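Peer 1: I'm passing along data15.pdb; it holds PDB, C-alpha atoms and all ligand atoms.
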ATOM      1  CA  MET A  10     108.392 110.033  67.952
ATOM      2  CA  GLN A  11     109.199 113.705  67.439
ATOM      3  CA  LEU A  12     111.359 115.081  70.229
ATOM      4  CA  THR A  13     109.442 117.739  72.136
ATOM      5  CA  ASN A  14     110.545 120.073  74.906
ATOM      6  CA  THR A  15     108.607 117.964  77.334
ATOM      7  CA  LYS A  16     110.840 115.282  78.756
ATOM      8  CA  LEU A  17     109.646 112.727  81.286
ATOM      9  CA  LYS A  18     111.690 111.152  84.037
ATOM     10  CA  VAL A  19     111.432 107.439  84.778
ATOM     11  CA  ALA A  20     112.914 105.857  87.900
ATOM     12  CA  ILE A  21     114.368 102.370  87.642
ATOM     13  CA  GLN A  22     116.301 100.279  90.164
ATOM     14  CA  LYS A  23     119.991 101.199  90.175
ATOM     15  CA  SER A  24     121.408  97.832  91.034
ATOM     16  CA  GLY A  25     119.413  94.778  91.998
ATOM     17  CA  ARG A  26     117.118  92.050  90.820
ATOM     18  CA  LEU A  27     114.968  94.339  88.673
ATOM     19  CA  THR A  28     117.801  96.186  86.954
ATOM     20  CA  GLU A  29     118.945  93.915  84.138
ATOM     21  CA  ASP A  30     115.456  92.846  83.062
ATOM     22  CA  THR A  31     114.236  96.447  83.169
ATOM     23  CA  VAL A  32     117.125  97.707  81.021
ATOM     24  CA  ASP A  33     116.519  94.820  78.564
ATOM     25  CA  PHE A  34     112.799  95.557  78.507
ATOM     26  CA  LEU A  35     113.294  99.276  77.806
ATOM     27  CA  ARG A  36     115.806  98.484  75.063
ATOM     28  CA  SER A  37     113.481  95.950  73.466
ATOM     29  CA  ALA A  38     110.881  98.729  73.346
ATOM     30  CA  GLY A  39     113.319 100.580  71.080
ATOM     31  CA  LEU A  40     114.636 103.064  73.643
ATOM     32  CA  GLU A  41     118.294 103.952  73.102
ATOM     33  CA  PHE A  42     120.360 104.949  76.098
ATOM     34  CA  ASP A  43     123.883 104.327  77.336
ATOM     35  CA  SER A  44     124.670 101.585  79.782
ATOM     36  CA  TYR A  45     125.501 103.123  83.072
ATOM     37  CA  GLY A  46     128.295 102.665  85.538
ATOM     38  CA  LYS A  47     127.892 102.229  89.274
ATOM     39  CA  LYS A  48     128.285 105.935  90.000
ATOM     40  CA  GLN A  49     125.997 107.220  87.259
ATOM     41  CA  LEU A  50     122.663 108.542  88.502
ATOM     42  CA  PHE A  51     120.862 109.098  85.210
ATOM     43  CA  SER A  52     120.955 108.463  81.484
ATOM     44  CA  ILE A  53     119.245 110.408  78.721
ATOM     45  CA  CYS A  54     117.317 108.583  76.010
ATOM     46  CA  ARG A  55     118.659 109.475  72.586
ATOM     47  CA  ASN A  56     115.518 108.721  70.579
ATOM     48  CA  PHE A  57     112.670 109.419  72.995
ATOM     49  CA  PRO A  58     111.852 112.303  75.382
ATOM     50  CA  LEU A  59     112.788 110.306  78.438
ATOM     51  CA  GLU A  60     115.403 110.511  81.153
ATOM     52  CA  LEU A  61     116.234 107.412  83.193
ATOM     53  CA  LEU A  62     117.074 107.856  86.869
ATOM     54  CA  PHE A  63     118.786 105.041  88.735
ATOM     55  CA  VAL A  64     117.628 104.801  92.343
ATOM     56  CA  ARG A  65     117.064 102.261  95.129
ATOM     57  CA  ASP A  66     113.871 100.295  94.624
ATOM     58  CA  ASP A  67     112.583 101.386  98.061
ATOM     59  CA  ASP A  68     112.559 105.031  96.935
ATOM     60  CA  ILE A  69     110.791 104.652  93.581
ATOM     61  CA  ILE A  70     107.216 104.872  94.914
ATOM     62  CA  ASP A  71     108.040 107.936  97.070
ATOM     63  CA  TYR A  72     109.663 109.803  94.166
ATOM     64  CA  VAL A  73     106.799 109.047  91.794
ATOM     65  CA  ASN A  74     104.168 109.770  94.421
ATOM     66  CA  SER A  75     105.669 113.166  95.222
ATOM     67  CA  GLY A  76     105.962 114.016  91.512
ATOM     68  CA  SER A  77     109.714 114.622  91.625
ATOM     69  CA  ILE A  78     109.958 111.721  89.147
ATOM     70  CA  ASP A  79     107.088 111.199  86.691
ATOM     71  CA  LEU A  80     107.223 107.469  86.028
ATOM     72  CA  GLY A  81     108.762 104.336  87.470
ATOM     73  CA  ILE A  82     109.303 100.611  87.107
ATOM     74  CA  VAL A  83     109.074  98.722  90.377
ATOM     75  CA  GLY A  84     107.916  95.425  91.866
ATOM     76  CA  GLN A  85     104.179  95.338  92.534
ATOM     77  CA  ASN A  86     105.125  94.153  96.046
ATOM     78  CA  MET A  87     106.358  97.706  96.701
ATOM     79  CA  LEU A  88     103.008  99.151  95.592
ATOM     80  CA  TYR A  89     101.217  96.900  98.081
ATOM     81  CA  GLU A  90     103.679  97.692 100.861
ATOM     82  CA  LYS A  91     103.597 101.468 100.395
ATOM     83  CA  PRO A  92     100.016 102.533  99.658
ATOM     84  CA  SER A  93     100.149 105.837  97.770
ATOM     85  CA  GLY A  94      98.442 107.774  95.029
ATOM     86  CA  VAL A  95     100.651 106.400  92.229
ATOM     87  CA  LYS A  96      98.878 104.863  89.273
ATOM     88  CA  LYS A  97      99.729 101.415  87.926
ATOM     89  CA  LEU A  98      99.760 101.634  84.131
ATOM     90  CA  LEU A  99     100.925  98.184  83.042
ATOM     91  CA  ASN A 100     102.100  94.779  84.306
ATOM     92  CA  LEU A 101     105.446  94.032  82.667
ATOM     93  CA  ARG A 102     105.541  90.205  82.942
ATOM     94  CA  TYR A 103     108.998  89.800  84.489
ATOM     95  CA  SER A 104     110.495  89.630  87.968
ATOM     96  CA  PHE A 105     107.750  87.301  89.147
ATOM     97  CA  CYS A 106     107.735  86.485  92.841
ATOM     98  CA  LYS A 107     105.375  85.857  95.743
ATOM     99  CA  LEU A 108     105.165  87.241  99.248
ATOM    100  CA  VAL A 109     104.877  84.116 101.373
ATOM    101  CA  ILE A 110     104.728  82.908 104.950
ATOM    102  CA  GLY A 111     107.579  80.489 105.653
ATOM    103  CA  ILE A 112     107.824  78.247 108.708
ATOM    104  CA  PRO A 113     110.606  75.940 109.936
ATOM    105  CA  ARG A 114     110.242  72.446 108.508
ATOM    106  CA  ASP A 115     110.291  70.904 111.985
ATOM    107  CA  SER A 116     107.932  73.481 113.511
ATOM    108  CA  SER A 117     104.735  72.607 115.363
ATOM    109  CA  ILE A 118     102.939  75.219 113.259
ATOM    110  CA  ASN A 119     100.671  73.548 110.697
ATOM    111  CA  THR A 120      97.963  76.094 109.968
ATOM    112  CA  LEU A 121      97.607  79.873 109.859
ATOM    113  CA  GLN A 122      95.702  79.758 113.166
ATOM    114  CA  ASP A 123      98.762  78.179 114.811
ATOM    115  CA  LEU A 124     100.516  81.537 114.249
ATOM    116  CA  GLU A 125      98.252  83.269 116.816
ATOM    117  CA  GLY A 126     100.494  85.173 119.262
ATOM    118  CA  LYS A 127     103.658  84.141 117.391
ATOM    119  CA  LYS A 128     106.592  86.302 116.217
ATOM    120  CA  ILE A 129     106.878  86.979 112.480
ATOM    121  CA  ALA A 130     110.029  88.500 110.972
ATOM    122  CA  THR A 131     109.562  90.458 107.754
ATOM    123  CA  SER A 132     110.733  93.360 105.584
ATOM    124  CA  TYR A 133     107.075  93.808 104.590
ATOM    125  CA  PRO A 134     105.458  94.904 107.874
ATOM    126  CA  TYR A 135     102.524  96.743 106.285
ATOM    127  CA  SER A 136     101.474  93.872 103.976
ATOM    128  CA  THR A 137     101.984  91.373 106.808
ATOM    129  CA  LYS A 138      99.921  93.410 109.259
ATOM    130  CA  GLN A 139      97.092  93.846 106.739
ATOM    131  CA  TYR A 140      97.079  90.156 105.901
ATOM    132  CA  PHE A 141      96.912  88.894 109.484
ATOM    133  CA  ARG A 142      94.364  91.519 110.447
ATOM    134  CA  LYS A 143      92.107  90.295 107.620
ATOM    135  CA  GLN A 144      92.566  86.717 108.831
ATOM    136  CA  GLY A 145      91.684  87.772 112.379
ATOM    137  CA  ILE A 146      94.975  86.410 113.711
ATOM    138  CA  SER A 147      97.026  88.511 116.094
ATOM    139  CA  VAL A 148     100.795  88.249 115.591
ATOM    140  CA  ASP A 149     103.890  90.077 116.763
ATOM    141  CA  ILE A 150     105.589  91.591 113.686
ATOM    142  CA  ILE A 151     109.346  92.169 113.799
ATOM    143  CA  LYS A 152     110.768  94.373 111.050
ATOM    144  CA  ILE A 153     114.056  92.972 109.707
ATOM    145  CA  ASN A 154     115.816  94.314 106.631
ATOM    146  CA  GLY A 155     117.889  91.384 105.418
ATOM    147  CA  SER A 156     118.603  87.654 105.884
ATOM    148  CA  LEU A 157     115.130  86.956 107.207
ATOM    149  CA  GLU A 158     115.529  83.275 106.551
ATOM    150  CA  ILE A 159     117.914  82.763 109.492
ATOM    151  CA  THR A 160     115.639  84.423 112.087
ATOM    152  CA  PRO A 161     113.747  81.228 113.050
ATOM    153  CA  THR A 162     117.056  79.353 113.631
ATOM    154  CA  LEU A 163     118.307  82.263 115.769
ATOM    155  CA  GLY A 164     115.112  82.107 117.818
ATOM    156  CA  ILE A 165     114.190  85.677 116.819
ATOM    157  CA  ALA A 166     110.973  84.640 115.060
ATOM    158  CA  ASP A 167     108.621  81.658 114.711
ATOM    159  CA  ALA A 168     107.909  82.339 111.034
ATOM    160  CA  ILE A 169     108.944  84.722 108.277
ATOM    161  CA  VAL A 170     107.096  86.697 105.620
ATOM    162  CA  ASP A 171     109.429  87.144 102.649
ATOM    163  CA  LEU A 172     109.528  87.264  98.873
ATOM    164  CA  MET A 173     110.134  83.958  97.159
ATOM    165  CA  SER A 174     110.858  83.214  93.523
ATOM    166  CA  SER A 175     112.613  79.860  92.975
ATOM    167  CA  GLY A 176     112.048  78.760  96.578
ATOM    168  CA  SER A 177     115.685  77.680  96.962
ATOM    169  CA  THR A 178     116.500  80.165  99.763
ATOM    170  CA  MET A 179     113.663  78.762 101.894
ATOM    171  CA  LYS A 180     114.692  75.203 101.098
ATOM    172  CA  MET A 181     118.349  75.848 101.973
ATOM    173  CA  ASN A 182     117.276  77.259 105.319
ATOM    174  CA  ASP A 183     114.941  74.379 106.206
ATOM    175  CA  LEU A 184     111.860  76.519 105.829
ATOM    176  CA  GLN A 185     108.627  75.528 104.152
ATOM    177  CA  LEU A 186     105.790  77.447 102.598
ATOM    178  CA  LEU A 187     102.678  77.893 104.731
ATOM    179  CA  GLU A 188     100.696  80.459 102.692
ATOM    180  CA  VAL A 189     101.021  82.837  99.745
ATOM    181  CA  ILE A 190     100.014  86.396 100.707
ATOM    182  CA  PHE A 191     100.196  87.875  97.199
ATOM    183  CA  GLU A 192     101.858  87.446  93.812
ATOM    184  CA  SER A 193     103.998  90.139  92.259
ATOM    185  CA  GLU A 194     105.764  91.160  89.046
ATOM    186  CA  ALA A 195     107.424  94.307  87.692
ATOM    187  CA  VAL A 196     104.936  97.110  86.979
ATOM    188  CA  PHE A 197     105.068 100.442  85.146
ATOM    189  CA  ILE A 198     103.762 103.264  87.346
ATOM    190  CA  ALA A 199     103.017 106.977  86.971
ATOM    191  CA  ASN A 200     102.364 109.946  89.179
ATOM    192  CA  LYS A 201      98.589 110.337  89.437
ATOM    193  CA  ASP A 202      98.557 113.786  87.800
ATOM    194  CA  MET A 203     100.594 112.763  84.748
ATOM    195  CA  MET A 204      97.668 112.014  82.450
ATOM    196  CA  ALA A 205      96.078 115.436  83.000
ATOM    197  CA  ASP A 206      98.726 117.206  80.895
ATOM    198  CA  GLU A 207      98.150 116.666  77.145
ATOM    199  CA  LYS A 208     101.850 116.658  76.195
ATOM    200  CA  GLN A 209     102.804 114.294  78.984
ATOM    201  CA  LYS A 210      99.888 112.012  78.224
ATOM    202  CA  LYS A 211     100.996 111.785  74.586
ATOM    203  CA  ILE A 212     104.471 110.651  75.611
ATOM    204  CA  ILE A 213     103.084 108.109  78.080
ATOM    205  CA  ASP A 214     100.619 106.738  75.518
ATOM    206  CA  SER A 215     103.453 106.331  73.034
ATOM    207  CA  LEU A 216     105.556 104.510  75.648
ATOM    208  CA  LEU A 217     102.618 102.289  76.583
ATOM    209  CA  MET A 218     102.090 101.378  72.930
ATOM    210  CA  ARG A 219     105.748 100.328  72.671
ATOM    211  CA  PHE A 220     105.622  98.366  75.934
ATOM    212  CA  LYS A 221     102.419  96.569  74.944
ATOM    213  CA  SER A 222     103.845  95.645  71.546
ATOM    214  CA  VAL A 223     106.876  94.063  73.237
ATOM    215  CA  LEU A 224     104.613  92.141  75.633
ATOM    216  CA  SER A 225     102.312  90.793  72.922
ATOM    217  CA  ALA A 226     105.297  89.840  70.762
ATOM    218  CA  LYS A 227     106.708  87.846  73.713
ATOM    219  CA  ASN A 228     103.331  86.172  74.093
ATOM    220  CA  ASN A 229     103.017  85.003  70.507
ATOM    221  CA  LYS A 230     104.913  82.995  67.888
ATOM    222  CA  TYR A 231     104.734  83.256  64.121
ATOM    223  CA  VAL A 232     104.253  79.870  62.399
ATOM    224  CA  MET A 233     104.493  78.846  58.778
ATOM    225  CA  MET A 234     103.518  75.377  57.555
ATOM    226  CA  ASN A 235     102.302  73.354  54.622
ATOM    227  CA  ALA A 236      99.027  71.464  54.874
ATOM    228  CA  PRO A 237      96.907  69.293  52.551
ATOM    229  CA  GLU A 238      93.955  71.257  51.135
ATOM    230  CA  THR A 239      91.621  68.576  52.468
ATOM    231  CA  SER A 240      92.628  69.522  56.015
ATOM    232  CA  LEU A 241      91.467  73.135  55.587
ATOM    233  CA  PRO A 242      88.037  72.715  57.264
ATOM    234  CA  ARG A 243      89.721  71.197  60.339
ATOM    235  CA  LEU A 244      92.518  73.750  60.160
ATOM    236  CA  LYS A 245      89.958  76.537  60.224
ATOM    237  CA  LYS A 246      88.435  74.952  63.333
ATOM    238  CA  LEU A 247      91.785  75.633  64.988
ATOM    239  CA  ALA A 248      91.170  79.277  64.164
ATOM    240  CA  PRO A 249      90.879  80.459  67.795
ATOM    241  CA  GLY A 250      94.432  79.177  68.268
ATOM    242  CA  LEU A 251      95.602  80.547  64.947
ATOM    243  CA  GLN A 252      95.040  84.282  64.832
ATOM    244  CA  SER A 253      93.846  85.350  61.326
ATOM    245  CA  PRO A 254      95.720  82.692  59.315
ATOM    246  CA  THR A 255      96.870  83.500  55.781
ATOM    247  CA  ILE A 256      96.202  80.565  53.441
ATOM    248  CA  ALA A 257      97.826  80.453  49.970
ATOM    249  CA  PRO A 258      97.974  77.663  47.338
ATOM    250  CA  LEU A 259     101.298  75.862  46.862
ATOM    251  CA  ALA A 260     102.795  74.927  43.475
ATOM    252  CA  GLN A 261     102.186  71.277  44.450
ATOM    253  CA  ALA A 262      98.506  70.570  43.682
ATOM    254  CA  GLY A 263      96.289  69.818  46.686
ATOM    255  CA  TRP A 264      98.545  71.611  49.189
ATOM    256  CA  VAL A 265      98.359  75.028  50.821
ATOM    257  CA  SER A 266     100.793  77.171  52.738
ATOM    258  CA  VAL A 267      99.510  78.557  56.053
ATOM    259  CA  GLN A 268     100.964  81.433  58.053
ATOM    260  CA  ALA A 269      99.574  82.391  61.429
ATOM    261  CA  VAL A 270     100.256  83.735  64.895
ATOM    262  CA  ILE A 271      99.889  81.332  67.830
ATOM    263  CA  ASN A 272      99.542  82.400  71.429
ATOM    264  CA  GLU A 273     102.391  81.095  73.604
ATOM    265  CA  GLU A 274      99.995  79.568  76.173
ATOM    266  CA  ILE A 275      98.361  77.204  73.675
ATOM    267  CA  PHE A 276     101.363  76.897  71.393
ATOM    268  CA  TRP A 277     102.301  73.206  71.868
ATOM    269  CA  ASP A 278      98.710  72.090  72.005
ATOM    270  CA  THR A 279      97.957  73.848  68.707
ATOM    271  CA  VAL A 280     101.116  72.514  67.024
ATOM    272  CA  GLU A 281     100.173  68.944  68.012
ATOM    273  CA  ARG A 282      96.704  69.394  66.556
ATOM    274  CA  LEU A 283      98.176  70.849  63.371
ATOM    275  CA  LYS A 284     100.432  67.812  62.963
ATOM    276  CA  LYS A 285      97.471  65.488  63.500
ATOM    277  CA  ILE A 286      95.598  67.058  60.593
ATOM    278  CA  GLY A 287      98.600  66.613  58.293
ATOM    279  CA  ALA A 288     100.539  69.891  58.596
ATOM    280  CA  THR A 289     104.220  69.464  57.712
ATOM    281  CA  GLY A 290     107.323  71.630  57.491
ATOM    282  CA  ILE A 291     106.191  73.693  60.470
ATOM    283  CA  ILE A 292     108.525  76.648  60.951
ATOM    284  CA  VAL A 293     108.252  78.748  64.132
ATOM    285  CA  LEU A 294     109.636  82.266  64.337
ATOM    286  CA  PRO A 295     109.864  84.683  67.250
ATOM    287  CA  ILE A 296     108.038  87.971  66.809
ATOM    288  CA  GLU A 297     109.998  91.121  67.601
ATOM    289  CA  LYS A 298     107.084  93.554  67.948
ATOM    290  CA  MET A 299     103.347  93.121  67.565
ATOM    291  CA  ILE A 300     101.391  96.323  67.055
ATOM    292  CA  SER A 301      97.610  96.182  66.931
TER
HETATM  293  O1  LIG A 401     119.333  98.073  96.715
HETATM  294  P1  LIG A 401     117.848  98.125  96.533
HETATM  295  O2  LIG A 401     117.099  98.616  97.732
HETATM  296  O3  LIG A 401     117.480  98.829  95.261
HETATM  297  O4  LIG A 401     117.414  96.589  96.247
HETATM  298  P2  LIG A 401     116.896  95.463  97.251
HETATM  299  O5  LIG A 401     118.080  94.625  97.620
HETATM  300  O6  LIG A 401     116.043  96.014  98.325
HETATM  301  O7  LIG A 401     115.903  94.663  96.299
HETATM  302  P3  LIG A 401     116.201  93.426  95.339
HETATM  303  O8  LIG A 401     117.116  93.813  94.251
HETATM  304  O9  LIG A 401     116.547  92.208  96.134
HETATM  305  O10 LIG A 401     114.710  93.179  94.771
HETATM  306  C1  LIG A 401     114.107  94.099  93.939
HETATM  307  C2  LIG A 401     112.754  93.556  93.520
HETATM  308  O11 LIG A 401     112.932  92.330  92.820
HETATM  309  C3  LIG A 401     111.789  93.201  94.612
HETATM  310  O12 LIG A 401     111.116  94.340  95.151
HETATM  311  C4  LIG A 401     110.825  92.260  93.901
HETATM  312  O13 LIG A 401     109.844  92.989  93.180
HETATM  313  C5  LIG A 401     111.718  91.565  92.897
HETATM  314  N1  LIG A 401     112.037  90.165  93.259
HETATM  315  C6  LIG A 401     111.766  89.092  92.473
HETATM  316  C7  LIG A 401     112.643  89.725  94.376
HETATM  317  C8  LIG A 401     112.739  88.334  94.252
HETATM  318  N2  LIG A 401     112.184  87.971  93.074
HETATM  319  C9  LIG A 401     113.367  87.563  95.316
HETATM  320  N3  LIG A 401     113.436  86.345  95.203
HETATM  321  N4  LIG A 401     113.149  90.366  95.463
HETATM  322  C10 LIG A 401     113.759  89.651  96.414
HETATM  323  N5  LIG A 401     113.891  88.296  96.379
HETATM  324  C11 LIG A 401     114.680  87.671  97.501
HETATM  325  C12 LIG A 401     113.849  87.263  98.693
HETATM  326  O14 LIG A 401     113.691  88.358  99.580
HETATM  327  C13 LIG A 401     114.706  86.136  99.296
HETATM  328  O15 LIG A 401     115.769  86.658 100.067
HETATM  329  O16 LIG A 401     115.319  86.498  97.052
HETATM  330  C14 LIG A 401     115.316  85.495  98.073
HETATM  331  C15 LIG A 401     114.463  84.331  97.654
HETATM  332  O17 LIG A 401     114.727  83.942  96.334
HETATM  333  P4  LIG A 401     114.546  82.418  95.882
HETATM  334  O18 LIG A 401     114.757  82.431  94.392
HETATM  335  O19 LIG A 401     115.574  81.607  96.578
HETATM  336  O20 LIG A 401     113.126  81.999  96.232
HETATM  337 ZN    ZN A 402     115.359  97.820  98.481
END
The structure in this file should be written as C-alpha cells.
Peer 2:
Amino acid sequence: MQLTNTKLKVAIQKSGRLTEDTVDFLRSAGLEFDSYGKKQLFSICRNFPLELLFVRDDDIIDYVNSGSIDLGIVGQNMLYEKPSGVKKLLNLRYSFCKLVIGIPRDSSINTLQDLEGKKIATSYPYSTKQYFRKQGISVDIIKINGSLEITPTLGIADAIVDLMSSGSTMKMNDLQLLEVIFESEAVFIANKDMMADEKQKKIIDSLLMRFKSVLSAKNNKYVMMNAPETSLPRLKKLAPGLQSPTIAPLAQAGWVSVQAVINEEIFWDTVERLKKIGATGIIVLPIEKMIS
C-alpha cells in the first residue's frame, strides 16, 4: 500500500500470553517491524502506515475506547469484562481460552444452584456478576488479581472464576470444571469513530484484507493428486469439499491430474474419500495467503 500521511496506532500486549502469537500474526500479514526489547514502547511499521504500541493487556480497551490509540489486539474476554464503545472487527483464531467456574474436587458443590450464598474469587468481577445475576443466583464476589487457583485451599473462596486453556492449572490445584461462562480468542478492535474517516477506513480495510487472507490460508490446504478418469463423476461429487478443482489430462491415458483447495475442517475426511475413489500421489501443500 502507498504510504500516506495518515498513520494508525495499534495497541498490542507488551509481554504476555498474547504477545508472541500477535507478533507472528502481524508478520504473517506482511507487516515489517523490528522486534522490540523489554523497554521499548513502540515500533514503526516499515511497509504500512501503522505504529505498534506495546502496553499491558488490561489497558488496551481503555486506550482504544478513548481514541488515544486507534486499533488494538486483545482477548475477547477483556471486551466482555470492560463494556465500552470499541468495535470488534475480526476474530483472529488464536489464544483460545474459556472463562470457567472451578470448584474443589472434594467440594460438596455439584450444581450451579449449590453456589447460592458462596464466595467466588475472580479477576473477572463484571463477567462473573453478570453471569450469576442472569442465573438468578446470589454470590459473594471477591476480586483477586493473581493465583486464583489457591484461594479455595486457603479458605478464601468456595469456587473460582478464571480463564482456562489446557486445564492443567485447575487439575494441578485439585479443581474441577463446573460451568463454562464464555469462550474467548484474540480479536482485532477499533475505536468506534475510526470508520467515519475515509483515509483511516482505507487503511483499516487494507489491514482487514491482509488479516482475512492469513486466516483463510490457515484454514485451507492445497492438494494435488492423480486420479483415474473414470472416477471423475464421483470426484466431482466431492466438489463441496474441493473448492473449484482444476482437472487436467495426464500423459498416461485414462488419468487426470486434480488440483484443489480443501478446508482444514473436512480435510482428512475428504482425503479418505479421494483415496477410496482411486486418487493416488496426493500431495498436500500449505497455503501462505488466500485472497478472494
Ligand atoms: O501483564 P499483562 O497485564 O499485559 O498480562 P496478564 O498477565 O494480565 O495477561 P496474560 O498474559 O496472562 O493473558 C493475556 C490474555 O491471554 C488473556 O486476556 C486471554 O485473552 C489470553 N489467554 C489465553 C489466557 C489464557 N489463555 C490462560 N490460560 N490468559 C490467562 N490464562 C491463565 C489463567 O488465568 C490461569 O491462570 O492461565 C492459567 C490457566 O491455563 P491452563 O492452560 O493451565 O488452563
Ligand atoms: Zn493483564
Peer 1: Identify which of the residues A:Ser132, A:Ser75, A:Ser117, A:Ser177 lies closest to Val95 in chain A, counting only C-alpha atoms when measuring atom-to-atom distances.
Peer 2: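 Closest to Val95 in chain A of all the choices is A:Ser75.
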Peer 1: Which residues fall under the PyMOL selection byres (((not hetatm)) within 6 of (chain A and resi 402)) in this file, as a ChimeraX atom specification?
Peer 2: /A:65-67
Peer 1: Which one is closest to ligand LIG 401 (chain A): A:Ile212, A:Met179, A:Ile150, A:Leu62? Count all atoms listed in the file.
Peer 2: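 Counting all atoms listed in the file, the residue closest to ligand LIG 401 (chain A) is A:Met179.
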Peer 1: CA of Val83 in chain A to CA of Asp43 in chain A: how many Å, to one decimal?
Peer 2: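 According to the coordinates, CA of Val83 in chain A and CA of Asp43 in chain A are separated by 20.5 Å.
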Peer 1: What is the CA of Lys18 in chain A to CA of Leu61 in chain A distance in Å?
Peer 2: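 Computed distance, CA of Lys18 in chain A to CA of Leu61 in chain A, equals 5.9 Å.
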Peer 1: Could you jot down the CA of Lys201 in chain A to CA of Cys54 in chain A separation for me, Å, one decimal place?
Peer 2: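 Separation between CA of Lys201 in chain A and CA of Cys54 in chain A: 23.1 Å.
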Peer 1: Starting from the PyMOL selection byres (((chain A and resi 106) around 8) and not hetatm), expand the selection into actual residues of this file and give them as a list in words.
Peer 2: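 Evaluating the PyMOL selection byres (((chain A and resi 106) around 8) and not hetatm) on this file yields Ser104, Phe105, Lys107, Leu108, Leu172, Met173, Ser174, Glu192, Ser193 and Glu194 of chain A.
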Peer 1: Please write the residues from the selection above to a file, keeping C-alpha atoms, as a PDB file, keeping the file's coordinate frame.
Peer 2:
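File produced: again-v3.pdb:
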ATOM      1  CA  SER A 104     110.495  89.630  87.968  1.00  0.00           C
ATOM      2  CA  PHE A 105     107.750  87.301  89.147  1.00  0.00           C
ATOM      3  CA  LYS A 107     105.375  85.857  95.743  1.00  0.00           C
ATOM      4  CA  LEU A 108     105.165  87.241  99.248  1.00  0.00           C
ATOM      5  CA  LEU A 172     109.528  87.264  98.873  1.00  0.00           C
ATOM      6  CA  MET A 173     110.134  83.958  97.159  1.00  0.00           C
ATOM      7  CA  SER A 174     110.858  83.214  93.523  1.00  0.00           C
ATOM      8  CA  GLU A 192     101.858  87.446  93.812  1.00  0.00           C
ATOM      9  CA  SER A 193     103.998  90.139  92.259  1.00  0.00           C
ATOM     10  CA  GLU A 194     105.764  91.160  89.046  1.00  0.00           C
TER      11      GLU A 194
END
Peer 1: Report the centre and edge lengths, in Å to one decimal, of an axis-aligned box enclosing every atom of ligand LIG 401 (chain A) listed in the file, padded by 5 Å on each side, as AutoDock Vina command-line options.
Peer 2:
--center_x 114.6 --center_y 90.2 --center_z 96.3 --size_x 19.5 --size_y 27.2 --size_z 17.6
Peer 1: Could you spell out the hits of the PyMOL selection byres (((chain A and resi 232-242) around 12) and not hetatm) on the shown file, as a PyMOL selection string?
Peer 2: chain A and resi 229-231+243-248+250-273+276-277+279-280+282-296
Peer 1: Tell me, as a list in words, which residues lie within 12 Å of Ser301 in chain A, counting only C-alpha atoms; anything in the same chain fewer than 3 positions away does not count.
Peer 2: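 The contact residues come out as Met218, Arg219, Lys221, Ser222, Val223, Leu224, Ser225, Ala226 and Lys298 of chain A.
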Peer 1: I'd like to know which of A:Gly126, A:Gly111, A:Pro92, A:Pro161 is closest to ligand LIG 401 (chain A), using all atoms listed in the file.
Peer 2: A:Gly111
Peer 1: With distances taken over only C-alpha atoms and all ligand atoms, which of A:Gln22, A:Thr137, A:Asn119, A:Ser93 is nearest to ligand LIG 401 (chain A)?
Peer 2: A:Gln22
Peer 1: Pick the closest to ligand LIG 401 (chain A) from A:Thr31, A:Asn74, A:Gln209, A:Gln144: which is it, counting all atoms listed in the file?
Peer 2: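 Counting all atoms listed in the file, the residue closest to ligand LIG 401 (chain A) is A:Thr31.
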Peer 1: Find, counting only C-alpha atoms, the residue in A:Val196, A:Ala168, A:Ser24, A:Ile275 that gets nearest to Asp115 in chain A.
Peer 2: A:Ala168
Peer 1: May I ask you to restore N, CA, C and O atoms in range 252-260 of chain A and write the result as a short mmCIF file (atom, residue, chain, number, x, y, z; two decimals), in the frame of the given file?
Peer 2:
data_model
loop_
_atom_site.label_atom_id
_atom_site.label_comp_id
_atom_site.auth_asym_id
_atom_site.auth_seq_id
_atom_site.Cartn_x
_atom_site.Cartn_y
_atom_site.Cartn_z
N GLN A 252 95.62 82.95 65.07
CA GLN A 252 95.04 84.28 64.83
C GLN A 252 95.13 84.64 63.36
O GLN A 252 96.19 84.59 62.78
N SER A 253 94.00 84.99 62.74
CA SER A 253 93.85 85.35 61.33
C SER A 253 94.89 84.69 60.41
O SER A 253 95.82 85.34 59.94
N PRO A 254 94.74 83.37 60.16
CA PRO A 254 95.72 82.69 59.32
C PRO A 254 95.66 83.16 57.86
O PRO A 254 94.58 83.50 57.36
N THR A 255 96.81 83.21 57.20
CA THR A 255 96.87 83.50 55.78
C THR A 255 97.03 82.16 55.09
O THR A 255 97.94 81.39 55.42
N ILE A 256 96.14 81.86 54.13
CA ILE A 256 96.20 80.56 53.44
C ILE A 256 96.44 80.82 51.95
O ILE A 256 95.71 81.59 51.33
N ALA A 257 97.51 80.24 51.39
CA ALA A 257 97.83 80.45 49.97
C ALA A 257 98.11 79.11 49.31
O ALA A 257 98.66 78.21 49.96
N PRO A 258 97.72 78.94 48.01
CA PRO A 258 97.97 77.66 47.34
C PRO A 258 99.47 77.45 47.11
O PRO A 258 100.22 78.41 46.92
N LEU A 259 99.90 76.19 47.16
CA LEU A 259 101.30 75.86 46.86
C LEU A 259 101.40 75.39 45.41
O LEU A 259 100.38 74.99 44.82
N ALA A 260 102.61 75.40 44.85
CA ALA A 260 102.80 74.93 43.48
C ALA A 260 102.35 73.46 43.37
O ALA A 260 101.77 73.04 42.38
#
